[in-house]
file run_5.csv (CSV, C-alpha atoms)
chain,number,residue,atom,x,y,z
X,30,MET,CA,0.0,0.0,0.0
X,31,ASN,CA,1.1,3.6,-0.7
X,32,ILE,CA,1.1,6.1,2.2
X,33,SER,CA,1.4,9.8,1.6
X,34,ASN,CA,1.5,12.7,4.1
X,35,VAL,CA,-1.0,15.0,2.4
X,36,THR,CA,-0.2,17.9,4.9
X,37,ALA,CA,3.5,17.7,4.5
X,38,ASP,CA,3.7,21.1,2.8
X,39,ALA,CA,1.5,23.0,5.3
X,40,GLU,CA,2.6,26.5,6.2
X,41,THR,CA,0.4,26.6,9.3
X,42,PHE,CA,0.2,24.2,12.3
X,43,THR,CA,-1.4,20.9,11.5
X,44,CYS,CA,-1.1,17.2,12.3
X,45,ASN,CA,0.3,14.8,9.7
X,46,ALA,CA,-2.7,13.5,7.7
X,47,PHE,CA,-2.0,10.2,5.9
X,48,LEU,CA,-3.6,9.1,2.7
X,49,VAL,CA,-3.4,5.3,2.5
X,50,GLU,CA,-4.0,3.9,-1.0
X,51,GLY,CA,-4.7,0.3,-1.5
X,52,ASP,CA,-7.6,-2.1,-1.6
X,53,ARG,CA,-9.4,0.4,0.6
X,54,THR,CA,-8.3,4.0,0.2
X,55,VAL,CA,-8.5,5.7,3.6
X,56,LEU,CA,-7.5,9.1,5.1
X,57,VAL,CA,-6.1,8.9,8.6
X,58,ASP,CA,-6.9,12.3,10.2
X,59,ALA,CA,-7.9,15.3,8.1
X,60,GLY,CA,-5.5,17.9,9.5
X,61,ALA,CA,-5.8,21.7,9.5
X,62,MET,CA,-4.2,22.6,6.2
X,63,ASP,CA,-6.2,24.7,3.7
X,64,GLY,CA,-6.1,23.0,0.4
X,65,VAL,CA,-5.8,19.4,1.7
X,66,VAL,CA,-8.6,18.3,-0.6
X,67,ASP,CA,-6.6,19.4,-3.6
X,68,VAL,CA,-3.6,17.4,-2.4
X,69,ILE,CA,-5.7,14.3,-1.9
X,70,ARG,CA,-7.1,14.7,-5.4
X,71,GLU,CA,-3.6,14.6,-6.8
X,72,HIS,CA,-3.6,10.9,-5.6
X,73,THR,CA,-7.2,9.7,-5.8
X,74,ASP,CA,-10.7,10.7,-6.8
X,75,THR,CA,-12.4,8.7,-4.0
X,76,LEU,CA,-12.0,8.0,-0.3
X,77,ASP,CA,-13.5,4.8,1.1
X,78,ALA,CA,-13.3,6.2,4.6
X,79,VAL,CA,-11.8,8.8,6.9
X,80,VAL,CA,-10.6,7.5,10.3
X,81,LEU,CA,-9.7,9.7,13.2
X,82,THR,CA,-7.1,9.1,15.9
X,83,HIS,CA,-8.7,11.9,18.0
X,84,GLN,CA,-10.5,15.2,17.5
X,85,HIS,CA,-8.1,17.9,18.5
X,86,GLY,CA,-8.3,20.9,16.2
X,87,ASP,CA,-5.1,20.2,14.3
X,88,HIS,CA,-6.5,16.8,13.3
X,89,VAL,CA,-10.0,17.8,12.4
X,90,ALA,CA,-10.1,21.4,11.3
X,91,GLN,CA,-10.5,20.4,7.6
X,92,LEU,CA,-12.7,17.3,8.4
X,93,ASP,CA,-16.0,18.7,7.1
X,94,VAL,CA,-14.3,20.0,4.0
X,95,VAL,CA,-12.9,16.5,3.3
X,96,LEU,CA,-16.1,14.7,4.0
X,97,ASP,CA,-18.1,17.0,1.8
X,98,ALA,CA,-15.6,16.7,-1.1
X,99,PHE,CA,-15.4,12.9,-1.1
X,100,ASP,CA,-18.7,11.9,0.5
X,101,ALA,CA,-16.7,9.5,2.7
X,102,PRO,CA,-17.9,7.8,5.9
X,103,LEU,CA,-16.3,8.9,9.1
X,104,TYR,CA,-14.9,6.4,11.6
X,105,ALA,CA,-14.2,7.8,15.1
X,106,TYR,CA,-14.1,6.8,18.7
X,107,GLY,CA,-15.5,10.0,20.1
X,108,GLU,CA,-19.0,11.3,19.3
X,109,HIS,CA,-19.2,13.4,16.1
X,110,PRO,CA,-22.3,14.6,14.3
X,111,ARG,CA,-21.0,13.1,11.0
X,112,ARG,CA,-19.7,9.8,12.5
X,113,ALA,CA,-20.9,6.9,10.4
X,114,SER,CA,-19.2,4.1,12.4
X,115,GLU,CA,-18.1,4.1,16.1
X,116,LEU,CA,-14.7,2.7,16.8
X,117,ASP,CA,-14.0,0.9,20.0
X,118,ASP,CA,-11.1,-0.8,21.6
X,119,GLY,CA,-10.5,-4.2,20.0
X,120,ASP,CA,-12.4,-3.4,16.8
X,121,GLN,CA,-10.7,-3.9,13.5
X,122,VAL,CA,-10.7,-1.5,10.5
X,123,PHE,CA,-9.3,-2.1,7.1
X,124,ILE,CA,-6.9,0.6,5.9
X,125,GLY,CA,-5.1,0.3,2.6
X,126,ASP,CA,-4.3,-3.4,2.2
X,127,GLU,CA,-4.3,-4.5,5.8
X,128,PRO,CA,-6.6,-5.0,8.8
X,129,PHE,CA,-5.7,-2.7,11.7
X,130,ASP,CA,-6.6,-3.3,15.3
X,131,VAL,CA,-8.1,-0.3,17.1
X,132,VAL,CA,-6.3,0.4,20.4
X,133,TYR,CA,-7.8,2.8,22.8
X,134,THR,CA,-5.0,5.1,23.9
X,135,PRO,CA,-6.2,8.1,26.0
X,136,GLY,CA,-4.1,10.5,28.1
X,137,HIS,CA,-3.4,13.1,25.4
X,138,ALA,CA,-7.1,13.0,24.5
X,139,ASP,CA,-10.0,11.2,26.0
X,140,ASP,CA,-11.1,9.9,22.5
X,141,HIS,CA,-7.6,8.9,21.3
X,142,VAL,CA,-7.2,5.6,19.4
X,143,SER,CA,-4.2,4.1,17.6
X,144,PHE,CA,-4.3,1.7,14.7
X,145,VAL,CA,-1.9,-1.2,14.5
X,146,SER,CA,-1.5,-4.0,11.9
X,147,GLU,CA,1.1,-6.7,11.5
X,148,THR,CA,3.5,-4.2,9.8
X,149,THR,CA,2.3,-0.6,10.5
X,150,LEU,CA,1.4,1.7,13.4
X,151,PHE,CA,-0.7,4.9,13.1
X,152,SER,CA,0.0,6.3,16.5
X,153,GLY,CA,-1.7,9.7,16.4
X,154,ASP,CA,-0.2,11.8,19.2
X,155,VAL,CA,0.2,9.1,21.9
X,156,VAL,CA,3.7,8.4,20.7
X,157,VAL,CA,5.8,10.0,18.0
X,158,HIS,CA,9.3,9.4,16.7
X,159,ASP,CA,10.5,12.9,17.1
X,160,ASP,CA,9.2,16.4,18.0
X,161,GLY,CA,10.5,19.6,19.5
X,162,ALA,CA,11.0,18.0,22.9
X,163,PHE,CA,12.6,14.6,22.2
X,164,GLU,CA,14.2,12.7,19.4
X,165,TYR,CA,13.8,8.9,18.9
X,166,GLY,CA,10.8,8.3,21.1
X,167,SER,CA,8.5,11.1,22.4
X,168,PHE,CA,4.9,11.2,23.5
X,169,GLY,CA,1.9,13.5,23.5
X,170,ARG,CA,1.7,16.4,25.8
X,171,THR,CA,-0.4,16.0,29.0
X,172,ASP,CA,-0.4,19.5,30.5
X,173,MET,CA,-3.7,20.7,29.1
X,174,PRO,CA,-7.1,20.4,30.8
X,175,GLY,CA,-8.5,16.9,30.5
X,176,GLN,CA,-5.1,15.3,29.8
X,177,SER,CA,-3.3,12.8,32.1
X,178,ARG,CA,0.2,11.6,32.1
X,179,GLU,CA,-0.8,8.5,34.1
X,180,ARG,CA,-3.4,7.5,31.5
X,181,LEU,CA,-0.9,8.2,28.7
X,182,ILE,CA,1.6,5.8,30.3
X,183,GLU,CA,-1.1,3.1,30.6
X,184,SER,CA,-2.0,3.7,26.9
X,185,ILE,CA,1.6,3.3,25.8
X,186,GLU,CA,1.8,0.1,27.8
X,187,ALA,CA,-1.4,-1.1,26.2
X,188,LEU,CA,0.0,-0.3,22.7
X,189,LEU,CA,3.1,-2.3,23.4
X,190,ASP,CA,1.0,-5.3,24.6
X,191,ARG,CA,-1.0,-5.2,21.3
X,192,MET,CA,1.9,-4.5,18.9
X,193,GLY,CA,3.9,-7.4,17.5
X,194,ASP,CA,7.6,-7.5,16.7
X,195,SER,CA,6.8,-7.4,13.0
X,196,VAL,CA,5.7,-3.7,13.1
X,197,GLU,CA,8.3,-1.7,11.2
X,198,HIS,CA,6.5,1.4,9.9
X,199,MET,CA,5.4,4.2,12.2
X,200,TYR,CA,3.2,7.1,11.1
X,201,ALA,CA,2.6,9.6,13.9
X,202,GLY,CA,0.5,12.7,14.2
X,203,HIS,CA,3.6,14.9,14.3
X,204,GLY,CA,7.3,14.5,13.5
X,205,GLU,CA,8.8,12.3,10.9
X,206,THR,CA,7.7,8.9,9.6
X,207,PHE,CA,10.0,6.2,10.9
X,208,HIS,CA,10.8,2.7,9.5
X,209,GLY,CA,12.7,0.2,11.6
X,210,ASP,CA,12.4,-1.2,15.2
X,211,ILE,CA,9.1,0.5,16.2
X,212,ARG,CA,8.9,-1.4,19.5
X,213,ASP,CA,12.2,0.2,20.5
X,214,VAL,CA,10.9,3.7,19.7
X,215,VAL,CA,7.7,3.1,21.6
X,216,GLU,CA,9.6,1.6,24.6
X,217,ARG,CA,11.8,4.7,24.6
X,218,SER,CA,8.7,6.9,24.6
X,219,LEU,CA,7.4,5.0,27.6
X,220,GLU,CA,10.6,5.4,29.5
X,221,ARG,CA,10.6,9.1,29.0
X,222,ALA,CA,6.9,9.4,29.9
X,223,GLU,CA,7.5,7.4,33.1
X,224,THR,CA,10.1,9.9,34.4
X,225,ARG,CA,7.2,12.3,35.1
X,226,GLU,CA,9.5,15.1,34.0
X,227,PRO,CA,7.7,17.9,32.0
X,228,LYS,CA,7.7,17.5,28.3
X,229,TYR,CA,7.7,21.3,27.9
X,230,PRO,CA,9.1,23.8,30.3
X,231,GLU,CA,5.6,25.3,31.0
X,232,GLU,CA,4.0,21.9,31.7
call {"tool": "encode", "arguments": {"input": "run_5.csv", "output": "structure tokens"}}
result
Amino acid sequence: MNISNVTADAETFTCNAFLVEGDRTVLVDAGAMDGVVDVIREHTDTLDAVVLTHQHGDHVAQLDVVLDAFDAPLYAYGEHPRRASELDDGDQVFIGDEPFDVVYTPGHADDHVSFVSETTLFSGDVVVHDDGAFEYGSFGRTDMPGQSRERLIESIEALLDRMGDSVEHMYAGHGETFHGDIRDVVERSLERAETREPKYPEE
């Protein structure tokens, strides 16, 4: 399957939104970049679904625009007026060419889920490879209202429990895509989260 970051050229703050082309063409998160529909149309004329990791603004600001443009069903854990299918922990959703397990991973957001297959992880913001705070294993911030470092730690542990050693591709909501030993990156994220040190100075 072919995976493209359709918000890679954004000039304003957005998440990484990934277009997954394959047997089932799916957009993972919609992002906040104006013109994202045009970028998607450079790759495909149709979307079989849009799936959300969570509903923070940088992940959903362009959601209605995308849904309107492609008339695609929305899959989400959290309630949304346009949700066609509710995701729950343990569900399975087909993205591209592979079935992905839905793993409920709150802490950064109450409605956060990650998607893991035999080869690939879409981790949203629960863990990322790199960001402004850490390289090679970071995690979503937990200093905003409604967030919890303790729940985030439990979520990373749950993700490790559900993720096999064969996972070698990581697509996170921020930072760079990483190919290699994904378990090692996620374990490093867990170690850093467990120190309870602030991710950002103001946290």
call {"tool": "residues_around", "arguments": {"input": "run_5.csv", "residues": "region 47-52 of chain X", "least_positions_apart": "2", "cutoff": "10 Å", "atoms": "only C-alpha atoms", "output": "ChimeraX atom specification"}}
result
/X:30-37,44-45,54-60,68-69,72-73,76-77,79,123-127,151,200-202
call {"tool": "write_last_selection", "arguments": {"input": "run_5.csv", "atoms": "C-alpha atoms", "output": "PDB file, keeping the file's coordinate frame"}}
result
ATOM      1  CA  MET X  30       0.000   0.000   0.000  1.00  0.00           C
ATOM      2  CA  ASN X  31       1.100   3.600  -0.700  1.00  0.00           C
ATOM      3  CA  ILE X  32       1.100   6.100   2.200  1.00  0.00           C
ATOM      4  CA  SER X  33       1.400   9.800   1.600  1.00  0.00           C
ATOM      5  CA  ASN X  34       1.500  12.700   4.100  1.00  0.00           C
ATOM      6  CA  VAL X  35      -1.000  15.000   2.400  1.00  0.00           C
ATOM      7  CA  THR X  36      -0.200  17.900   4.900  1.00  0.00           C
ATOM      8  CA  ALA X  37       3.500  17.700   4.500  1.00  0.00           C
ATOM      9  CA  CYS X  44      -1.100  17.200  12.300  1.00  0.00           C
ATOM     10  CA  ASN X  45       0.300  14.800   9.700  1.00  0.00           C
ATOM     11  CA  THR X  54      -8.300   4.000   0.200  1.00  0.00           C
ATOM     12  CA  VAL X  55      -8.500   5.700   3.600  1.00  0.00           C
ATOM     13  CA  LEU X  56      -7.500   9.100   5.100  1.00  0.00           C
ATOM     14  CA  VAL X  57      -6.100   8.900   8.600  1.00  0.00           C
ATOM     15  CA  ASP X  58      -6.900  12.300  10.200  1.00  0.00           C
ATOM     16  CA  ALA X  59      -7.900  15.300   8.100  1.00  0.00           C
ATOM     17  CA  GLY X  60      -5.500  17.900   9.500  1.00  0.00           C
ATOM     18  CA  VAL X  68      -3.600  17.400  -2.400  1.00  0.00           C
ATOM     19  CA  ILE X  69      -5.700  14.300  -1.900  1.00  0.00           C
ATOM     20  CA  HIS X  72      -3.600  10.900  -5.600  1.00  0.00           C
ATOM     21  CA  THR X  73      -7.200   9.700  -5.800  1.00  0.00           C
ATOM     22  CA  LEU X  76     -12.000   8.000  -0.300  1.00  0.00           C
ATOM     23  CA  ASP X  77     -13.500   4.800   1.100  1.00  0.00           C
ATOM     24  CA  VAL X  79     -11.800   8.800   6.900  1.00  0.00           C
ATOM     25  CA  PHE X 123      -9.300  -2.100   7.100  1.00  0.00           C
ATOM     26  CA  ILE X 124      -6.900   0.600   5.900  1.00  0.00           C
ATOM     27  CA  GLY X 125      -5.100   0.300   2.600  1.00  0.00           C
ATOM     28  CA  ASP X 126      -4.300  -3.400   2.200  1.00  0.00           C
ATOM     29  CA  GLU X 127      -4.300  -4.500   5.800  1.00  0.00           C
ATOM     30  CA  PHE X 151      -0.700   4.900  13.100  1.00  0.00           C
ATOM     31  CA  TYR X 200       3.200   7.100  11.100  1.00  0.00           C
ATOM     32  CA  ALA X 201       2.600   9.600  13.900  1.00  0.00           C
ATOM     33  CA  GLY X 202       0.500  12.700  14.200  1.00  0.00           C
TER      34      GLY X 202
END
call {"tool": "atom_distance", "arguments": {"input": "run_5.csv", "atom1": "CA of Glu197 (chain X)", "atom2": "CA of Thr43 (chain X)"}}
result
24.6 Å
call {"tool": "closest_residue", "arguments": {"input": "run_5.csv", "among": "X:Val80, X:Val145, X:Ala46, X:Leu103", "to": "Gly119 (chain X)", "atoms": "all atoms listed in the file"}}
result
X:Val145
call {"tool": "closest_residue", "arguments": {"input": "run_5.csv", "among": "X:Leu150, X:Met199, X:Leu181, X:Leu81", "to": "Ala222 (chain X)", "atoms": "only C-alpha atoms"}}
result
X:Leu181
call {"tool": "residues_around", "arguments": {"input": "run_5.csv", "residues": "Leu116 (chain X)", "least_positions_apart": "6", "cutoff": "8 Å", "atoms": "all atoms listed in the file", "output": "list of chain:residue names"}}
result
X:Tyr104, X:Ala105, X:Tyr106, X:Val131
call {"tool": "atom_distance", "arguments": {"input": "run_5.csv", "atom1": "CA of Phe42 (chain X)", "atom2": "CA of Arg178 (chain X)"}}
result
23.5 Å
call {"tool": "atom_distance", "arguments": {"input": "run_5.csv", "atom1": "CA of Asp117 (chain X)", "atom2": "CA of Asp93 (chain X)"}}
result
22.1 Å
call {"tool": "closest_residue", "arguments": {"input": "run_5.csv", "among": "X:Thr82, X:Thr149, X:Thr134, X:Thr171", "to": "Ser195 (chain X)", "atoms": "all atoms listed in the file"}}
result
X:Thr149
call {"tool": "closest_residue", "arguments": {"input": "run_5.csv", "among": "X:Pro135, X:Pro174, X:Gly161, X:Gly204", "to": "Asp118 (chain X)", "atoms": "only C-alpha atoms"}}
result
X:Pro135
call {"tool": "axis_aligned_box", "arguments": {"input": "run_5.csv", "around": "region 41-44 of chain X", "padding_each_side": "6 Å", "output": "AutoDock Vina command-line options"}}
result
--center_x -0.5 --center_y 21.9 --center_z 10.8 --size_x 13.8 --size_y 21.4 --size_z 15.0
call {"tool": "closest_residue", "arguments": {"input": "run_5.csv", "among": "X:Gly153, X:Gly169, X:Gly107, X:Gly175", "to": "Leu219 (chain X)", "atoms": "only C-alpha atoms"}}
result
X:Gly169
call {"tool": "residues_around", "arguments": {"input": "run_5.csv", "residues": "region 214-216 of chain X", "least_positions_apart": "5", "cutoff": "10 Å", "atoms": "only C-alpha atoms", "output": "PyMOL selection string"}}
result
chain X and resi 152+155-159+164-168+185-186+188-189+192+199+207+209+221-222
call {"tool": "closest_residue", "arguments": {"input": "run_5.csv", "among": "X:Asp38, X:Glu223, X:Glu71, X:Asp63", "to": "Ile182 (chain X)", "atoms": "all atoms listed in the file"}}
result
X:Glu223
